[in-house]
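S.K.: So I've got this file, protein.cif, and it contains mmCIF, C-alpha atoms:
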```cif
data_start
loop_
_atom_site.label_atom_id
_atom_site.label_comp_id
_atom_site.auth_asym_id
_atom_site.auth_seq_id
_atom_site.Cartn_x
_atom_site.Cartn_y
_atom_site.Cartn_z
CA MET A 1 107.55 -91.91 140.45
CA SER A 2 111.13 -92.40 141.54
CA ILE A 3 114.23 -91.22 139.71
CA GLU A 4 115.09 -94.81 138.66
CA MET A 5 111.72 -95.20 136.96
CA ILE A 6 112.04 -91.88 135.07
CA THR A 7 115.54 -92.72 133.82
CA THR A 8 114.44 -96.23 132.78
CA TYR A 9 111.57 -94.80 130.73
CA ALA A 10 113.98 -92.24 129.21
CA THR A 11 116.39 -95.07 128.30
CA ALA A 12 113.64 -97.04 126.57
CA LEU A 13 112.43 -93.93 124.68
CA CYS A 14 115.97 -93.10 123.49
CA LEU A 15 116.48 -96.71 122.36
CA PHE A 16 113.23 -96.64 120.34
CA ILE A 17 114.11 -93.33 118.64
CA GLY A 18 117.64 -94.50 117.86
CA SER A 19 116.54 -97.82 116.37
CA GLY A 20 113.95 -96.06 114.21
CA PHE A 21 116.53 -93.67 112.79
CA ILE A 22 119.00 -96.52 112.19
CA LEU A 23 116.38 -98.49 110.23
CA VAL A 24 115.40 -95.43 108.15
CA GLY A 25 119.01 -94.59 107.32
CA VAL A 26 119.96 -98.10 106.28
CA ILE A 27 116.83 -98.60 104.16
CA GLY A 28 117.71 -95.30 102.45
CA LEU A 29 121.26 -96.57 101.83
CA LEU A 30 119.81 -99.64 100.11
CA LYS A 31 116.91 -98.09 98.18
CA PHE A 32 118.20 -94.82 96.69
CA ASN A 33 119.41 -94.93 93.13
CA ASP A 34 122.24 -92.41 92.83
CA PRO A 35 125.61 -92.34 94.66
CA MET A 36 125.21 -88.75 95.84
CA THR A 37 121.65 -89.46 97.03
CA ARG A 38 122.79 -92.60 98.82
CA LEU A 39 125.44 -90.52 100.59
CA HIS A 40 122.96 -88.54 102.68
CA ALA A 41 120.89 -91.39 104.16
CA PRO A 42 123.49 -93.08 106.47
CA THR A 43 124.43 -89.75 108.05
CA LYS A 44 121.22 -90.13 110.08
CA VAL A 45 122.59 -93.42 111.39
CA GLY A 46 125.85 -91.77 112.39
CA THR A 47 124.42 -88.74 114.16
CA ILE A 48 120.91 -89.21 115.56
CA GLY A 49 120.86 -93.03 115.69
CA ILE A 50 124.12 -93.57 117.54
CA GLY A 51 123.65 -90.30 119.46
CA MET A 52 120.36 -91.59 120.86
CA LEU A 53 121.92 -94.96 121.78
CA LEU A 54 124.74 -93.19 123.64
CA LEU A 55 122.18 -90.95 125.38
CA ALA A 56 120.32 -94.10 126.42
CA SER A 57 123.59 -95.45 127.84
CA ILE A 58 124.01 -92.25 129.89
CA PHE A 59 120.44 -92.51 131.22
CA HIS A 60 120.94 -96.18 132.03
CA SER A 61 124.05 -95.44 134.07
CA PHE A 62 122.01 -92.83 135.97
CA SER A 63 119.31 -95.42 136.69
CA LEU A 64 121.95 -97.83 138.01
CA GLY A 65 123.15 -95.22 140.45
CA ASP A 66 126.68 -94.58 139.15
CA SER A 67 126.43 -91.59 136.87
CA SER A 68 128.86 -91.41 133.97
CA MET A 69 129.02 -88.83 131.21
CA HIS A 70 131.94 -90.15 129.17
CA GLU A 71 129.68 -91.33 126.36
CA LEU A 72 129.60 -87.64 125.40
CA LEU A 73 133.21 -88.09 124.24
CA ILE A 74 132.20 -90.70 121.63
CA MET A 75 129.25 -88.52 120.60
CA GLY A 76 131.48 -85.50 120.07
CA PHE A 77 134.02 -87.54 118.11
CA LEU A 78 131.33 -88.97 115.82
CA PHE A 79 129.73 -85.55 115.25
CA VAL A 80 133.09 -84.04 114.32
CA THR A 81 134.27 -86.81 112.00
CA ALA A 82 131.01 -87.62 110.16
CA PRO A 83 131.14 -84.55 107.82
CA ILE A 84 134.82 -85.17 107.05
CA SER A 85 134.28 -88.76 105.91
CA ALA A 86 131.15 -87.71 103.97
CA ASN A 87 133.23 -85.05 102.21
CA PHE A 88 135.87 -87.63 101.26
CA ILE A 89 133.24 -90.05 99.92
CA ALA A 90 131.64 -87.25 97.87
CA LYS A 91 135.08 -86.42 96.44
CA VAL A 92 135.52 -90.08 95.45
CA SER A 93 132.14 -90.00 93.68
CA ILE A 94 133.02 -86.78 91.83
CA HIS A 95 136.49 -87.90 90.75
CA ARG A 96 135.37 -91.36 89.65
CA LYS A 97 132.63 -89.69 87.50
CA ALA A 98 130.01 -91.73 89.36
CA CYS A 99 127.65 -88.76 89.58
CA GLU A 100 126.80 -85.69 87.54
CA THR A 101 129.63 -83.17 87.44
CA PRO A 102 128.65 -80.16 89.55
CA PRO A 103 127.75 -77.02 87.55
CA GLU A 104 130.41 -74.40 86.94
CA PRO A 105 130.91 -72.01 89.84
CA PRO A 106 129.61 -68.47 89.20
CA ARG A 107 132.81 -66.49 89.82
CA ASP A 108 135.79 -68.81 89.70
CA ASP A 109 136.77 -70.91 86.73
CA THR A 110 136.66 -74.37 88.33
CA TRP A 111 135.93 -76.17 91.59
CA SER A 112 138.95 -76.51 93.83
CA THR A 113 138.73 -80.30 94.05
CA LEU A 114 138.83 -80.57 90.25
CA ASN A 115 141.61 -77.97 89.93
CA ARG A 116 145.06 -79.47 89.53
CA PRO A 117 148.25 -78.30 87.85
CA PRO A 118 148.92 -79.66 84.36
CA HIS A 119 152.09 -81.54 85.34
CA ASP A 120 150.02 -83.56 87.83
CA GLU A 121 147.83 -85.10 85.12
CA ILE A 122 148.41 -88.85 84.96
CA VAL A 123 148.08 -90.22 81.46
CA PRO A 124 147.86 -94.03 81.60
CA ASP A 125 150.46 -94.85 78.87
CA THR A 126 153.08 -92.40 80.15
CA LEU A 127 153.19 -93.74 83.68
CA ASP A 128 156.71 -95.14 83.27
CA SER A 129 158.34 -91.93 82.01
CA PRO A 130 158.32 -88.82 84.22
CA PRO A 131 155.67 -86.29 83.14
CA GLN A 132 156.77 -83.31 81.06
CA GLY A 133 157.48 -80.09 82.91
CA ALA A 134 157.45 -81.71 86.34
CA PRO A 135 159.40 -79.71 88.93
CA GLU A 136 162.61 -81.21 90.25
CA LYS A 137 162.17 -83.03 93.49
CA ALA A 138 164.34 -81.70 96.30
CA MET B 1 108.90 -100.42 138.24
CA THR B 2 108.20 -103.82 136.63
CA ASN B 3 106.30 -101.95 133.92
CA ALA B 4 109.35 -99.82 133.14
CA LEU B 5 111.67 -102.85 133.14
CA GLY B 6 109.39 -104.71 130.73
CA LEU B 7 109.38 -101.73 128.35
CA MET B 8 113.16 -101.58 128.70
CA ASP B 9 113.49 -105.25 127.66
CA ILE B 10 111.27 -104.67 124.60
CA ALA B 11 113.31 -101.59 123.67
CA LEU B 12 116.57 -103.56 123.92
CA ILE B 13 115.22 -106.35 121.70
CA VAL B 14 113.93 -103.84 119.12
CA THR B 15 117.27 -102.03 119.06
CA PHE B 16 119.26 -105.26 118.65
CA VAL B 17 117.00 -106.39 115.79
CA SER B 18 117.20 -103.05 113.98
CA LEU B 19 121.00 -102.91 114.33
CA VAL B 20 121.39 -106.44 112.94
CA THR B 21 119.00 -105.60 110.10
CA GLY B 22 121.13 -102.54 109.44
CA GLN B 23 124.27 -104.68 109.24
CA ILE B 24 122.63 -107.10 106.79
CA LEU B 25 121.24 -104.34 104.52
CA SER B 26 124.60 -102.50 104.50
CA MET B 27 126.31 -105.74 103.55
CA ILE B 28 123.88 -106.11 100.62
CA ARG B 29 124.84 -102.58 99.50
CA LEU B 30 128.52 -103.50 99.97
CA VAL B 31 128.14 -106.49 97.62
CA LEU B 32 125.93 -104.71 95.06
CA GLY B 33 127.40 -101.21 95.24
CA PRO B 34 128.21 -100.23 91.66
CA THR B 35 130.81 -97.56 92.49
CA PRO B 36 133.73 -97.55 94.99
CA GLY B 37 132.09 -94.64 96.86
CA ASP B 38 129.08 -96.82 97.66
CA ARG B 39 131.30 -99.57 99.00
CA ILE B 40 133.22 -97.15 101.25
CA LEU B 41 129.91 -95.74 102.48
CA ALA B 42 128.54 -99.21 103.23
CA LEU B 43 131.70 -100.12 105.19
CA ASP B 44 131.43 -96.86 107.15
CA THR B 45 127.80 -97.62 107.99
CA MET B 46 128.75 -101.13 109.08
CA VAL B 47 131.41 -99.78 111.44
CA ILE B 48 128.89 -97.34 112.94
CA ASN B 49 126.34 -100.15 113.36
CA ALA B 50 128.96 -102.31 115.10
CA LEU B 51 129.63 -99.38 117.45
CA GLY B 52 125.90 -99.26 118.23
CA LEU B 53 125.86 -103.01 118.88
CA VAL B 54 128.69 -102.67 121.41
CA VAL B 55 126.92 -99.76 123.14
CA VAL B 56 123.61 -101.65 123.37
CA LEU B 57 125.45 -104.73 124.67
CA GLY B 58 126.89 -102.53 127.41
CA ILE B 59 123.38 -101.31 128.30
CA HIS B 60 122.10 -104.90 128.31
CA GLN B 61 124.80 -106.17 130.66
CA GLY B 62 124.74 -103.04 132.80
CA VAL B 63 128.52 -102.56 132.79
CA GLN B 64 130.75 -99.61 131.90
CA ILE B 65 133.73 -101.47 130.44
CA TYR B 66 132.54 -101.23 126.82
CA PHE B 67 133.25 -97.49 126.70
CA GLU B 68 136.88 -97.92 125.60
CA VAL B 69 135.88 -100.53 123.02
CA SER B 70 133.34 -98.22 121.39
CA LEU B 71 135.74 -95.27 121.41
CA LEU B 72 138.41 -97.37 119.69
CA ILE B 73 135.90 -98.63 117.10
CA ALA B 74 134.83 -95.05 116.34
CA MET B 75 138.43 -93.91 115.80
CA LEU B 76 139.37 -96.94 113.68
CA GLY B 77 136.25 -96.49 111.55
CA PHE B 78 137.04 -92.86 110.77
CA VAL B 79 140.69 -93.56 109.96
CA SER B 80 139.84 -96.53 107.72
CA THR B 81 137.19 -94.54 105.82
CA VAL B 82 139.61 -91.70 105.16
CA ALA B 83 142.38 -94.13 104.18
CA LEU B 84 140.14 -95.96 101.68
CA ALA B 85 138.88 -92.70 100.16
CA ARG B 86 142.42 -91.31 99.84
CA PHE B 87 143.65 -94.54 98.28
CA ILE B 88 140.97 -94.34 95.60
CA LEU B 89 141.48 -90.61 95.07
CA ARG B 90 145.29 -90.51 94.90
CA GLY B 91 146.43 -94.10 94.47
CA ASP B 92 148.44 -93.70 97.66
CA ILE B 93 147.64 -93.14 101.31
CA ILE B 94 150.70 -91.28 102.62
CA GLU B 95 152.58 -89.40 99.91
#
```
Will you turn the file into structure tokens for me?

M.R.:
Amino acid sequence: MSIEMITTYATALCLFIGSGFILVGVIGLLKFNDPMTRLHAPTKVGTIGIGMLLLASIFHSFSLGDSSMHELLIMGFLFVTAPISANFIAKVSIHRKACETPPEPPRDDTWSTLNRPPHDEIVPDTLDSPPQGAPEKA
Amino acid sequence: MTNALGLMDIALIVTFVSLVTGQILSMIRLVLGPTPGDRILALDTMVINALGLVVVLGIHQGVQIYFEVSLLIAMLGFVSTVALARFILRGDIIE
């Protein structure tokens, strides 16, 4: 059992796991019936699916003899940015009233993403005139 | 060793097929998607699947030159997702 054989088997195993998670995530994206529920399925594609494919790439470079670890950079970037983009998409769903409004927080009076000053309210038929009480722009 | 290489070929074919299936199903959600959030999510998933396709193509050809391509795709996908979400939230990208 040489080192090339072990890394080749590890590459094939990582590819199988990654493709399974990608299929599950995308089927969830298509089949779920609520925007907030649909939001959580493709995160498996972004983290475990692509993470396993990048791990397979690392193992494959080991089996070829020239070891390279720089796929870890892509993995770290994806793991850092996936929650940020999911947070932005959830904010879009909340603000477009595409999902149920979250329940009132126990201590504060409103959620911070729904909290905006009154002069920032955009009323559709007063878009041409400046809103009342707006602060002077410097 | 031939056993391992045969399993490796099967694994590559399975991964390519599942990634292409993922692209097709995300495109169906992109066309259907009743709300703008669903469309942004489907585009984000398509970018991530394209990144996986580039990575698996690099494994298939046994070369290292696709690393920069996949890193650039990852950065562009994140920036475009945030830009689309901000445009829908605020009506403007850079205020």

S.K.: Once the PyMOL selection byres ((chain B and resi 27-34) around 10) has been applied to the shown file, what residues remain in the selection, as a list in words?

M.R.: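 Selection result, ordered by chain and number: Val26, Leu29, Leu30, Lys31, Asp34, Pro35 and Ala98 of chain A; Thr21, Gly22, Gln23, Ile24, Leu25, Ser26, Thr35, Pro36, Gly37, Asp38, Arg39, Ile40, Leu41, Ala42, Leu43, Thr45 and Met46 of chain B.
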
S.K.: What are the nearest atom pairs, with distances in Å to one decimal, for all residues of chain B that come at most 9 Å from chain A, using all atoms listed in the file, set out by chain and rising residue number as a tab-separated table?

M.R.:
```
residue	atom	partner	partner_atom	distance
B:Met1	CA	A:Met5	CA	6.1
B:Ala4	CA	A:Tyr9	CA	6.0
B:Leu5	CA	A:Thr8	CA	7.2
B:Leu7	CA	A:Ala12	CA	6.6
B:Met8	CA	A:Ala12	CA	5.0
B:Asp9	CA	A:Ala12	CA	8.3
B:Ile10	CA	A:Ala12	CA	8.2
B:Ala11	CA	A:Ala12	CA	5.4
B:Leu12	CA	A:Leu15	CA	7.0
B:Val14	CA	A:Ser19	CA	7.1
B:Thr15	CA	A:Ser19	CA	5.0
B:Phe16	CA	A:Ser19	CA	8.2
B:Val17	CA	A:Ser19	CA	8.6
B:Ser18	CA	A:Ser19	CA	5.8
B:Leu19	CA	A:Ile22	CA	7.0
B:Thr21	CA	A:Leu23	CA	7.6
B:Gly22	CA	A:Val26	CA	5.6
B:Gln23	CA	A:Val26	CA	8.4
B:Leu25	CA	A:Leu30	CA	6.6
B:Ser26	CA	A:Val26	CA	6.6
B:Ile28	CA	A:Leu30	CA	7.7
B:Arg29	CA	A:Leu30	CA	5.9
B:Pro34	CA	A:Pro35	CA	8.8
B:Thr35	CA	A:Ala98	CA	6.7
B:Pro36	CA	A:Val92	CA	7.7
B:Gly37	CA	A:Ser93	CA	5.6
B:Asp38	CA	A:Pro35	CA	6.4
B:Ile40	CA	A:Ile89	CA	7.2
B:Leu41	CA	A:Ile89	CA	7.1
B:Ala42	CA	A:Leu29	CA	7.9
B:Asp44	CA	A:Ser85	CA	8.7
B:Thr45	CA	A:Pro42	CA	6.4
B:Ile48	CA	A:Gly46	CA	6.4
B:Asn49	CA	A:Val45	CA	8.0
B:Leu51	CA	A:Ile50	CA	8.0
B:Gly52	CA	A:Ile50	CA	6.0
B:Val55	CA	A:Leu54	CA	6.9
B:Val56	CA	A:Leu53	CA	7.1
B:Gly58	CA	A:Ser57	CA	7.8
B:Ile59	CA	A:Ser57	CA	5.9
B:Gly62	CA	A:Ser61	CA	7.7
B:Val63	CA	A:Ser61	CA	8.5
B:Gln64	CA	A:Ser61	CA	8.2
B:Phe67	CA	A:Glu71	CA	7.1
B:Ser70	CA	A:Ile74	CA	7.6
B:Leu71	CA	A:Ile74	CA	5.8
B:Ala74	CA	A:Leu78	CA	7.0
B:Met75	CA	A:Phe77	CA	8.1
B:Phe78	CA	A:Thr81	CA	6.8
B:Val79	CA	A:Ser85	CA	9.0
B:Thr81	CA	A:Ser85	CA	6.5
B:Val82	CA	A:Ser85	CA	6.1
B:Ala85	CA	A:Phe88	CA	6.0
B:Arg86	CA	A:Phe88	CA	7.6
B:Ile88	CA	A:Val92	CA	6.9
B:Leu89	CA	A:Val92	CA	6.0
```

S.K.: May I ask for the distance between CA of Arg116 in chain A and CA of Glu100 in chain A, given in Å to one decimal place?

M.R.: 19.4 Å

S.K.: One number please: CA of Phe79 in chain A to CA of Thr101 in chain A, in Å, one decimal.

M.R.: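 That distance, rounded to one decimal, is 27.9 Å.
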